[in-house]
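File shown: final.txt (compact mmCIF, C-alpha atoms and all ligand atoms).
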```txt
# COMPACT_ATOMS: atom_id res chain seq x y z
CA MET A 323 7.57 -63.58 -60.92
CA GLU A 324 11.12 -64.60 -61.65
CA ARG A 325 13.92 -62.14 -61.61
CA GLY A 326 17.44 -62.10 -62.75
CA ARG A 327 17.70 -64.38 -65.71
CA GLY A 328 17.09 -64.05 -69.40
CA PRO A 329 14.47 -61.57 -70.54
CA ASP A 330 13.63 -60.30 -67.04
CA ARG A 331 17.20 -59.39 -66.38
CA ARG A 332 17.61 -57.74 -69.77
CA ARG A 333 14.40 -55.82 -69.23
CA ALA A 334 15.65 -54.62 -65.85
CA GLN A 335 18.90 -53.50 -67.45
CA ARG A 336 17.04 -51.69 -70.22
CA ASP A 337 14.90 -49.99 -67.59
CA VAL A 338 17.95 -48.86 -65.72
CA LEU A 339 19.47 -47.48 -68.89
CA ARG A 340 16.26 -45.64 -69.68
CA ALA A 341 16.13 -44.30 -66.17
CA ALA A 342 19.64 -42.95 -66.51
CA GLN A 343 18.76 -41.34 -69.85
CA HIS A 344 15.61 -39.96 -68.34
CA ARG A 345 17.50 -38.44 -65.47
CA ARG A 346 19.99 -36.79 -67.76
CA GLY A 347 17.15 -35.38 -69.86
CA ASP A 348 15.36 -34.30 -66.74
CA ARG A 349 18.31 -32.25 -65.59
CA ALA A 350 18.62 -30.62 -68.98
CA HIS A 351 14.98 -29.57 -68.99
CA ARG A 352 14.63 -28.42 -65.45
CA PRO A 353 18.07 -27.44 -64.30
CA GLY A 354 18.32 -27.28 -60.56
CA ASP A 355 14.71 -27.83 -59.54
CA ARG A 356 16.04 -28.15 -56.04
CA ARG A 357 12.61 -27.74 -54.48
CA GLN A 358 12.12 -31.44 -55.14
CA ILE A 359 15.22 -32.75 -53.40
CA LEU A 360 14.28 -35.06 -50.56
CA SER A 361 16.77 -35.99 -47.88
CA VAL A 362 16.59 -37.53 -44.47
CA GLU A 363 19.51 -37.14 -42.12
CA GLY A 364 20.23 -39.39 -39.14
CA LEU A 365 16.56 -40.27 -38.80
CA SER A 366 15.56 -42.32 -35.75
CA VAL A 367 12.02 -43.34 -34.84
CA ARG A 368 11.14 -45.32 -31.72
CA TYR A 369 7.91 -47.06 -30.75
CA GLY A 370 8.15 -47.67 -27.00
CA GLY A 371 11.23 -49.87 -26.74
CA VAL A 372 11.40 -50.68 -30.47
CA ASP A 373 13.90 -48.85 -32.68
CA ALA A 374 12.01 -48.78 -35.97
CA LEU A 375 14.55 -46.49 -37.71
CA ARG A 376 18.15 -46.11 -36.58
CA GLU A 377 20.04 -43.03 -37.74
CA LEU A 378 18.99 -43.50 -41.32
CA SER A 379 20.30 -41.09 -43.95
CA LEU A 380 19.17 -41.02 -47.57
CA ALA A 381 19.05 -38.38 -50.30
CA LEU A 382 16.97 -38.40 -53.48
CA GLU A 383 17.74 -36.31 -56.55
CA PRO A 384 14.92 -34.21 -57.98
CA GLY A 385 12.64 -36.42 -60.09
CA GLU A 386 14.21 -39.63 -58.89
CA LEU A 387 12.26 -42.78 -58.01
CA VAL A 388 13.86 -44.74 -55.20
CA ALA A 389 12.38 -48.12 -54.28
CA VAL A 390 12.67 -48.93 -50.58
CA LEU A 391 13.12 -52.67 -50.20
CA GLY A 392 13.19 -54.63 -46.97
CA ALA A 393 11.73 -57.54 -45.06
CA SER A 394 8.61 -57.17 -42.95
CA GLY A 395 9.34 -55.00 -39.93
CA SER A 396 12.50 -53.43 -41.39
CA GLY A 397 11.06 -49.91 -41.02
CA LYS A 398 9.88 -49.15 -44.57
CA SER A 399 6.44 -47.79 -43.64
CA THR A 400 7.90 -45.95 -40.68
CA LEU A 401 10.32 -44.14 -43.01
CA LEU A 402 7.47 -42.95 -45.26
CA ARG A 403 5.29 -41.96 -42.32
CA ALA A 404 8.12 -40.00 -40.72
CA ILE A 405 8.73 -38.12 -44.00
CA ALA A 406 5.00 -37.40 -44.31
CA GLY A 407 4.92 -36.09 -40.73
CA LEU A 408 2.74 -38.91 -39.39
CA GLU A 409 5.33 -40.21 -36.88
CA GLU A 410 7.26 -38.46 -34.18
CA ILE A 411 10.98 -38.32 -34.87
CA ALA A 412 13.33 -39.25 -31.99
CA ALA A 413 16.44 -37.86 -33.75
CA GLY A 414 17.49 -36.48 -37.12
CA ARG A 415 15.57 -34.41 -39.64
CA VAL A 416 13.69 -34.45 -42.94
CA LEU A 417 14.56 -31.91 -45.62
CA ILE A 418 12.54 -31.13 -48.73
CA GLY A 419 14.06 -28.73 -51.20
CA GLY A 420 16.78 -28.08 -48.62
CA GLU A 421 14.21 -26.85 -46.09
CA ASP A 422 13.92 -28.63 -42.74
CA VAL A 423 10.27 -29.75 -42.62
CA SER A 424 10.62 -31.91 -39.51
CA ARG A 425 8.44 -29.59 -37.47
CA LEU A 426 5.88 -28.80 -40.19
CA ALA A 427 2.38 -30.28 -40.14
CA PRO A 428 1.86 -33.05 -42.73
CA ALA A 429 -0.33 -30.86 -44.97
CA ARG A 430 2.37 -28.20 -45.24
CA ARG A 431 5.22 -30.44 -46.36
CA GLY A 432 4.33 -30.72 -50.04
CA VAL A 433 4.19 -34.52 -49.91
CA ALA A 434 1.43 -36.88 -50.99
CA MET A 435 1.11 -40.46 -49.84
CA VAL A 436 -0.64 -43.46 -51.39
CA PHE A 437 -1.46 -46.31 -49.04
CA GLN A 438 -1.73 -50.03 -49.64
CA SER A 439 -5.42 -49.86 -48.82
CA PHE A 440 -5.99 -47.00 -51.37
CA ALA A 441 -8.02 -45.13 -48.68
CA LEU A 442 -10.58 -43.72 -51.13
CA PHE A 443 -13.80 -42.10 -49.94
CA PRO A 444 -16.50 -44.66 -50.83
CA HIS A 445 -19.37 -42.17 -51.02
CA MET A 446 -17.57 -39.79 -53.41
CA THR A 447 -17.23 -40.10 -57.17
CA VAL A 448 -13.84 -40.66 -58.77
CA GLU A 449 -13.80 -37.01 -59.78
CA ARG A 450 -14.42 -35.82 -56.21
CA ASN A 451 -11.91 -38.28 -54.79
CA ILE A 452 -9.21 -36.95 -57.11
CA ALA A 453 -10.16 -33.35 -56.34
CA PHE A 454 -10.39 -33.91 -52.59
CA GLY A 455 -7.04 -32.48 -51.52
CA LEU A 456 -7.36 -29.50 -53.86
CA ARG A 457 -10.86 -28.65 -52.63
CA ALA A 458 -9.81 -29.05 -49.00
CA ARG A 459 -7.14 -26.44 -49.57
CA GLY A 460 -9.45 -24.18 -51.56
CA GLU A 461 -7.36 -24.62 -54.72
CA SER A 462 -8.51 -24.84 -58.31
CA THR A 463 -9.56 -28.32 -59.44
CA GLN A 464 -8.35 -27.70 -62.97
CA ALA A 465 -5.63 -30.36 -62.67
CA VAL A 466 -8.22 -33.09 -62.07
CA ALA A 467 -9.13 -33.64 -65.72
CA SER A 468 -5.55 -33.81 -66.97
CA THR A 469 -4.44 -36.09 -64.13
CA ALA A 470 -7.42 -38.37 -64.72
CA GLU A 471 -6.57 -38.46 -68.41
CA ALA A 472 -2.91 -39.28 -67.74
CA LEU A 473 -4.01 -42.28 -65.69
CA GLY A 474 -6.72 -43.44 -68.09
CA LEU A 475 -9.56 -42.53 -65.74
CA SER A 476 -11.46 -39.99 -67.86
CA ALA A 477 -14.35 -42.35 -68.58
CA LEU A 478 -14.74 -43.29 -64.92
CA LEU A 479 -15.05 -39.87 -63.30
CA ASP A 480 -18.72 -40.31 -62.29
CA ARG A 481 -18.34 -43.74 -60.73
CA ARG A 482 -17.86 -44.48 -57.06
CA PRO A 483 -14.95 -46.60 -55.77
CA GLY A 484 -17.29 -49.57 -55.20
CA GLU A 485 -17.92 -49.68 -58.95
CA LEU A 486 -14.23 -49.95 -59.85
CA SER A 487 -11.75 -52.82 -60.15
CA GLY A 488 -8.77 -52.99 -57.80
CA GLY A 489 -6.42 -51.66 -60.45
CA GLU A 490 -8.74 -48.75 -61.24
CA ARG A 491 -9.02 -47.90 -57.56
CA GLN A 492 -5.27 -47.89 -57.30
CA ARG A 493 -5.06 -45.48 -60.24
CA VAL A 494 -7.60 -43.18 -58.58
CA ALA A 495 -5.51 -43.17 -55.41
CA LEU A 496 -2.46 -42.31 -57.48
CA ALA A 497 -4.35 -39.59 -59.36
CA ARG A 498 -5.56 -38.06 -56.10
CA ALA A 499 -1.97 -37.94 -54.84
CA LEU A 500 -0.63 -36.44 -58.08
CA ALA A 501 -3.40 -33.89 -58.69
CA ALA A 502 -2.10 -31.78 -55.83
CA ARG A 503 1.28 -31.54 -57.63
CA PRO A 504 3.30 -32.67 -54.62
CA ARG A 505 7.05 -32.15 -54.50
CA VAL A 506 7.46 -35.65 -53.11
CA LEU A 507 5.29 -38.72 -53.66
CA LEU A 508 5.30 -41.51 -51.09
CA LEU A 509 3.95 -44.91 -52.15
CA ASP A 510 3.46 -47.53 -49.44
CA GLU A 511 3.15 -50.96 -51.07
CA PRO A 512 0.61 -49.60 -53.57
CA LEU A 513 0.58 -52.81 -55.62
CA SER A 514 0.30 -55.40 -52.90
CA ASN A 515 -3.50 -55.68 -53.10
CA LEU A 516 -3.46 -56.39 -56.84
CA ASP A 517 -3.19 -59.78 -58.52
CA ALA A 518 0.07 -60.75 -60.20
CA GLN A 519 -0.83 -59.61 -63.74
CA LEU A 520 -2.25 -56.30 -62.62
CA ARG A 521 0.78 -55.66 -60.47
CA VAL A 522 3.00 -55.79 -63.52
CA SER A 523 0.83 -53.47 -65.64
CA THR A 524 0.21 -51.01 -62.79
CA ARG A 525 3.94 -51.06 -62.04
CA GLY A 526 4.56 -49.88 -65.60
CA GLU A 527 1.93 -47.20 -65.19
CA ILE A 528 3.51 -45.87 -62.01
CA ARG A 529 6.81 -45.72 -63.81
CA ARG A 530 5.39 -43.83 -66.79
CA VAL A 531 3.40 -41.35 -64.71
CA GLN A 532 6.37 -40.76 -62.43
CA GLU A 533 8.63 -40.06 -65.38
CA ARG A 534 6.09 -37.77 -67.01
CA THR A 535 5.39 -35.75 -63.89
CA GLY A 536 8.99 -35.87 -62.66
CA VAL A 537 7.83 -36.03 -59.04
CA THR A 538 10.49 -37.26 -56.61
CA THR A 539 9.17 -40.61 -55.39
CA LEU A 540 9.84 -43.13 -52.63
CA HIS A 541 8.15 -46.44 -53.35
CA VAL A 542 8.04 -49.00 -50.54
CA THR A 543 7.89 -52.69 -51.32
CA HIS A 544 8.96 -56.01 -49.83
CA ASP A 545 9.07 -57.46 -53.36
CA GLN A 546 12.56 -57.44 -54.80
CA VAL A 547 11.31 -57.99 -58.36
CA GLU A 548 9.22 -54.84 -58.08
CA ALA A 549 12.01 -52.83 -56.46
CA LEU A 550 14.55 -53.71 -59.14
CA ALA A 551 12.10 -53.14 -61.98
CA LEU A 552 10.80 -49.82 -60.75
CA GLY A 553 13.52 -47.90 -58.94
CA HIS A 554 16.10 -45.63 -60.53
CA ARG A 555 17.85 -46.65 -57.34
CA VAL A 556 17.00 -49.15 -54.64
CA ALA A 557 17.40 -48.53 -50.90
CA VAL A 558 17.71 -51.80 -49.00
CA LEU A 559 16.57 -51.53 -45.37
CA ARG A 560 17.49 -53.97 -42.65
CA ASP A 561 16.39 -53.56 -39.02
CA GLY A 562 15.82 -49.83 -39.43
CA ARG A 563 19.20 -49.21 -41.06
CA LEU A 564 20.18 -48.57 -44.67
CA GLU A 565 22.08 -51.66 -45.79
CA GLN A 566 22.66 -50.52 -49.39
CA LEU A 567 21.66 -47.72 -51.74
CA GLY A 568 22.41 -48.32 -55.39
CA THR A 569 21.07 -48.76 -58.90
CA PRO A 570 19.25 -52.04 -59.54
CA ASP A 571 22.35 -53.28 -61.38
CA GLU A 572 24.60 -52.43 -58.45
CA VAL A 573 22.34 -54.17 -55.96
CA TRP A 574 22.15 -57.21 -58.21
CA GLU A 575 25.77 -57.37 -59.32
CA ARG A 576 27.57 -55.97 -56.30
CA PRO A 577 25.57 -56.52 -53.12
CA ALA A 578 27.03 -54.42 -50.30
CA SER A 579 26.83 -57.36 -47.91
CA ALA A 580 26.19 -61.07 -47.74
CA TRP A 581 22.81 -60.16 -46.27
CA VAL A 582 21.78 -58.25 -49.42
CA ALA A 583 23.20 -61.07 -51.54
CA ARG A 584 20.88 -63.51 -49.76
CA PHE A 585 17.89 -61.16 -49.81
CA VAL A 586 17.89 -60.21 -53.51
CA GLY A 587 17.34 -62.85 -56.17
CA THR A 588 15.38 -66.05 -56.67
CA PRO A 589 17.42 -68.11 -56.07
CA PRO A 590 19.58 -65.84 -53.95
CA MET A 591 23.31 -65.48 -54.61
CA ASN A 592 25.24 -68.64 -53.72
CA LEU A 593 27.59 -68.13 -50.77
CA VAL A 594 30.27 -70.68 -49.95
CA PRO A 595 33.44 -70.43 -47.85
CA GLY A 596 36.53 -69.69 -49.95
CA GLU A 597 40.15 -68.61 -49.49
CA ARG A 598 39.40 -64.90 -49.21
CA GLY A 599 36.18 -65.06 -47.19
CA LEU A 600 32.66 -65.88 -48.30
CA CYS A 601 32.60 -66.52 -52.03
CA GLY A 602 29.41 -65.32 -53.74
CA PHE A 603 28.20 -66.13 -57.23
CA ARG A 604 24.85 -66.08 -59.01
CA ALA A 605 23.23 -69.23 -60.42
CA GLU A 606 23.45 -67.93 -63.98
CA ASP A 607 27.15 -67.13 -63.76
CA ALA A 608 28.23 -70.67 -62.95
CA ALA A 609 28.85 -73.52 -65.38
CA ALA A 610 28.12 -77.00 -64.03
CA ARG A 611 29.04 -80.34 -65.61
CA VAL A 612 29.07 -83.94 -64.54
CA ASP A 613 32.66 -84.82 -63.57
CA PRO A 614 33.75 -87.75 -61.37
CA GLY A 615 36.40 -85.45 -59.85
CA GLY A 616 33.90 -82.64 -59.15
CA GLU A 617 33.63 -81.12 -55.67
CA TYR A 618 29.84 -81.01 -55.60
CA VAL A 619 27.21 -83.73 -55.35
CA PHE A 620 23.99 -83.48 -57.37
CA GLU A 621 20.79 -83.41 -55.27
CA LEU A 622 17.92 -82.32 -57.48
CA ALA A 623 16.87 -80.42 -60.58
CA GLU A 624 14.12 -77.82 -60.52
CA ARG A 625 12.43 -75.92 -63.32
CA VAL A 626 12.03 -72.23 -62.49
CA GLY A 627 10.40 -70.36 -65.36
CA ALA A 628 12.63 -70.57 -68.42
CA ASP A 629 15.53 -72.14 -66.53
CA VAL A 630 16.46 -75.43 -64.97
CA LEU A 631 18.40 -75.18 -61.72
CA TRP A 632 20.63 -77.88 -60.36
CA HIS A 633 20.79 -77.95 -56.60
CA LEU A 634 24.20 -79.18 -55.47
CA ARG A 635 25.88 -79.89 -52.14
CA ARG A 636 29.46 -79.60 -50.97
CA GLY A 637 29.62 -80.69 -47.34
CA GLU A 638 27.32 -78.29 -45.48
CA ASP A 639 27.06 -75.88 -48.38
CA LEU A 640 24.19 -75.85 -50.83
CA VAL A 641 24.34 -74.03 -54.15
CA ALA A 642 21.99 -73.62 -57.10
CA VAL A 643 23.34 -73.27 -60.63
CA ARG A 644 21.60 -72.78 -63.94
CA ALA A 645 22.20 -75.83 -66.07
CA GLY A 646 21.28 -77.18 -69.47
CA GLY A 647 20.96 -80.76 -70.65
CA ALA A 648 19.92 -83.92 -68.86
CA ALA A 649 20.18 -83.90 -65.09
CA PRO A 650 22.63 -86.37 -63.52
CA ALA A 651 21.54 -89.05 -61.08
CA VAL A 652 21.23 -88.12 -57.42
CA GLY A 653 24.64 -88.38 -55.76
CA GLU A 654 26.66 -87.97 -58.97
CA ARG A 655 29.69 -85.68 -58.81
CA VAL A 656 29.51 -82.29 -60.49
CA ALA A 657 32.19 -79.68 -61.15
CA VAL A 658 31.24 -76.00 -60.90
CA GLU A 659 33.19 -73.20 -62.53
CA VAL A 660 32.65 -69.49 -62.12
CA PRO A 661 34.63 -66.88 -64.06
CA GLU A 662 36.77 -64.91 -61.61
CA ALA A 663 35.17 -61.63 -62.74
CA ARG A 664 31.73 -62.88 -61.66
CA VAL A 665 32.78 -63.86 -58.15
CA ARG A 666 31.97 -61.51 -55.24
CA TRP A 667 33.83 -61.77 -51.93
CA PHE A 668 32.39 -60.95 -48.52
CA ASP A 669 34.10 -60.67 -45.15
CA ARG A 670 33.43 -63.83 -43.13
CA GLU A 671 32.96 -61.92 -39.86
CA THR A 672 31.13 -58.73 -40.86
CA GLY A 673 29.49 -59.94 -44.08
CA ARG A 674 30.48 -56.69 -45.83
CA ALA A 675 31.58 -56.85 -49.46
CA LEU A 676 35.38 -56.92 -49.85
N1 LIG A 701 2.51 -48.22 -33.97
C1 LIG A 701 3.51 -49.03 -33.61
N2 LIG A 701 3.72 -49.38 -32.33
C2 LIG A 701 4.74 -50.18 -31.96
N3 LIG A 701 5.62 -50.72 -32.84
C3 LIG A 701 5.46 -50.43 -34.14
C4 LIG A 701 4.39 -49.58 -34.61
N4 LIG A 701 4.49 -49.47 -35.95
C5 LIG A 701 5.55 -50.23 -36.30
N5 LIG A 701 6.14 -50.80 -35.22
C6 LIG A 701 7.35 -51.66 -35.23
O1 LIG A 701 8.38 -50.93 -35.86
C7 LIG A 701 9.14 -51.77 -36.73
C8 LIG A 701 9.09 -51.23 -38.16
O2 LIG A 701 7.76 -51.30 -38.65
P1 LIG A 701 7.32 -50.88 -40.12
O3 LIG A 701 5.83 -50.98 -40.19
O4 LIG A 701 7.95 -49.61 -40.45
O5 LIG A 701 8.00 -52.03 -40.98
P2 LIG A 701 7.79 -52.38 -42.51
O6 LIG A 701 9.15 -52.62 -43.05
O7 LIG A 701 6.95 -51.36 -43.17
O8 LIG A 701 7.01 -53.76 -42.40
P3 LIG A 701 5.86 -54.39 -43.35
O9 LIG A 701 6.52 -54.75 -44.64
O10 LIG A 701 5.44 -55.59 -42.58
O11 LIG A 701 4.79 -53.36 -43.50
C9 LIG A 701 8.57 -53.16 -36.56
O12 LIG A 701 9.34 -53.84 -35.61
C10 LIG A 701 7.16 -52.91 -36.05
O13 LIG A 701 6.73 -53.98 -35.26
```
Written as structure tokens, that's how I'd like the structure from this file.
Amino acid sequence: MERGRGPDRRRAQRDVLRAAQHRRGDRAHRPGDRRQILSVEGLSVRYGGVDALRELSLALEPGELVAVLGASGSGKSTLLRAIAGLEEIAAGRVLIGGEDVSRLAPARRGVAMVFQSFALFPHMTVERNIAFGLRARGESTQAVASTAEALGLSALLDRRPGELSGGERQRVALARALAARPRVLLLDEPLSNLDAQLRVSTRGEIRRVQERTGVTTLHVTHDQVEALALGHRVAVLRDGRLEQLGTPDEVWERPASAWVARFVGTPPMNLVPGERGLCGFRAEDAAARVDPGGEYVFELAERVGADVLWHLRRGEDLVAVRAGGAAPAVGERVAVEVPEARVRWFDRETGRAL
């Protein structure tokens, strides 16, 4: 589950490019489908004394997939639940298609939500699970067959959830959400109950179905690999606030703060004190070589996927750099060079990018 180097990084960049092309095409085909715009303005949610969301504002273009990334407790689920109408809002509002839906009942907002637990009805067949929302509203169930087909579920329509694999159950949950043709799709960690391999394939499926249906989507995850691979843009949440909103490339290349720089990437961006503040650089952007006059001391080498990382120390500061060739002995001096264009500077006090 490595991110950021070699093929993974290139794949992420290709995905971003495709997403941009998709969005351009999308606009050309459905000019101004403004009914699908989702925005939240100054949203605050409180649980007793806990501020789960603090004046959070965010706007999604029609057909856009935004991955919401944050540590546990940062307010990701609360954001989705507030948009769906499942949490009381202390301040701010939720707009869908420009209409303030903050006071509307969940069922009238035009949103569908998929939970981590899938929440399927165990006694109903796949077909009835997918049709559930449509039947409840007295609507035609015509969309069931085509949605099931799009998600590769046609052969499973008569089974019950207990007779399905985890990945199949997840696809049924997704099909049930999509069959109702929501304006906005909310996905709350939908991949976290799947094993590593299935996560990757289901991730691709979500991406394809989302692009095909063009439904505006918020996808919550605490997994940065998933967020960068899946989102047209990524919203990074920290303590109920929006720390950064940007394309995967922007979040990777130009973190808005030292906090984002530390949160995104395995290893995270190196941060060491420099003349202009905190100096940030990624492991793959640095060149390291044994040099008796070098500032760093070699501590250990570690294989991470396709790469070998050298962990180095300079006083209190630890850095990791991607290196080739034989590792030096522990304690040997190493020089590290980073091209100026690859260095990011952050304010020492506030941590904001300079
Ligand atoms: N029903 C509740 N009652 C009290 N506090 C709550 C409740 N639900 C959430 N919280 C608190 O609100 C904050 C945000 O929670 P939320 O579930 O939105 O975070 P999250 O980012 O989705 O976390 P995770 O990744 O662990 O699911 C946390 O501090 C959490 O403890």
- Task: Within 12 Å of ligand LIG 701 (chain A), which residues show up when you count only C-alpha atoms and all ligand atoms? List them as a ChimeraX atom specification, please.
- Result: /A:366-376,390-404,408-410,437-438,509-512,514,541-545,558-564
- Item | Distance query Ala501 in chain A at most 12 Å, all atoms listed in the file, self and fewer than 4 positions along chain excluded, as a PyMOL selection string | chain A and resi 433-435+449-457+461-473+493-497+505+507+531+535+537
- From the set A:Arg604, A:Leu365, A:Ile418, A:Ala580, which residue has the shortest atom-to-atom contact distance to Pro661 in chain A, counting all atoms listed in the file?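 So, comparing all the options, the nearest one is A:Arg604.
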- Item | Point-to-point distance from CA of Ala429 in chain A to CA of Arg530 in chain A, Å rounded to tenths | 26.0 Å
- Item | d(CA of Val506 in chain A, CA of Ser487 in chain A) in Å |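 That distance, rounded to one decimal, is 26.7 Å.
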- Task: Would you list the contacts of Val652 in chain A as a count of residues only, taking every protein, DNA or RNA residue within 7 Å and counting all atoms listed in the file, but skipping same-chain residues closer than 6 positions in sequence?
- Result: 3
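Considering the residues A:Arg655, A:Arg491, A:Arg498, A:Arg625 and counting all atoms listed in the file, Leu520 in chain A has its shortest atom-to-atom contact with A:Arg491.
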- Task: For CA of Leu634 in chain A and CA of Val619 in chain A, determine how far apart the two atoms are, in Å to one decimal place.
- Result: 5.5 Å
- Counting only C-alpha atoms, the option among A:Glu363, A:Thr539, A:Ser439, A:Ala557 closest to Ser424 in chain A: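 Of A:Glu363, A:Thr539, A:Ser439, A:Ala557, the one nearest Ser424 in chain A, counting only C-alpha atoms, is A:Glu363.
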Atoms added to range 644-660 of chain A (N, CA and C atoms), reported as a CSV table (one decimal), in the frame of the given file:
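Dumped everything to result.csv:
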```csv
chain,number,residue,atom,x,y,z
A,644,ARG,N,22.4,-72.6,-62.8
A,644,ARG,CA,21.6,-72.8,-63.9
A,644,ARG,C,22.3,-73.8,-64.8
A,645,ALA,N,21.6,-74.8,-65.3
A,645,ALA,CA,22.2,-75.8,-66.1
A,645,ALA,C,21.3,-76.2,-67.3
A,646,GLY,N,22.0,-76.7,-68.3
A,646,GLY,CA,21.3,-77.2,-69.5
A,646,GLY,C,21.5,-78.7,-69.6
A,647,GLY,N,20.7,-79.3,-70.4
A,647,GLY,CA,21.0,-80.8,-70.6
A,647,GLY,C,20.3,-81.6,-69.6
A,648,ALA,N,20.5,-82.9,-69.8
A,648,ALA,CA,19.9,-83.9,-68.9
A,648,ALA,C,20.5,-83.8,-67.5
A,649,ALA,N,19.7,-83.9,-66.5
A,649,ALA,CA,20.2,-83.9,-65.1
A,649,ALA,C,20.9,-85.2,-64.8
A,650,PRO,N,22.0,-85.1,-64.0
A,650,PRO,CA,22.6,-86.4,-63.5
A,650,PRO,C,21.8,-87.1,-62.5
A,651,ALA,N,22.2,-88.3,-62.1
A,651,ALA,CA,21.5,-89.0,-61.1
A,651,ALA,C,21.9,-88.4,-59.7
A,652,VAL,N,21.0,-88.6,-58.8
A,652,VAL,CA,21.2,-88.1,-57.4
A,652,VAL,C,22.5,-88.7,-56.9
A,653,GLY,N,23.4,-87.9,-56.3
A,653,GLY,CA,24.6,-88.4,-55.8
A,653,GLY,C,25.8,-88.3,-56.7
A,654,GLU,N,25.6,-88.1,-58.0
A,654,GLU,CA,26.7,-88.0,-59.0
A,654,GLU,C,27.5,-86.7,-58.7
A,655,ARG,N,28.8,-86.8,-59.0
A,655,ARG,CA,29.7,-85.7,-58.8
A,655,ARG,C,29.6,-84.6,-59.9
A,656,VAL,N,29.7,-83.4,-59.5
A,656,VAL,CA,29.5,-82.3,-60.5
A,656,VAL,C,30.6,-81.3,-60.2
A,657,ALA,N,31.2,-80.8,-61.3
A,657,ALA,CA,32.2,-79.7,-61.2
A,657,ALA,C,31.5,-78.4,-61.5
A,658,VAL,N,31.8,-77.3,-60.7
A,658,VAL,CA,31.2,-76.0,-60.9
A,658,VAL,C,32.4,-75.0,-61.2
A,659,GLU,N,32.2,-74.2,-62.2
A,659,GLU,CA,33.2,-73.2,-62.5
A,659,GLU,C,32.5,-71.8,-62.6
A,660,VAL,N,33.2,-70.9,-62.1
A,660,VAL,CA,32.6,-69.5,-62.1
A,660,VAL,C,33.8,-68.6,-62.6
```
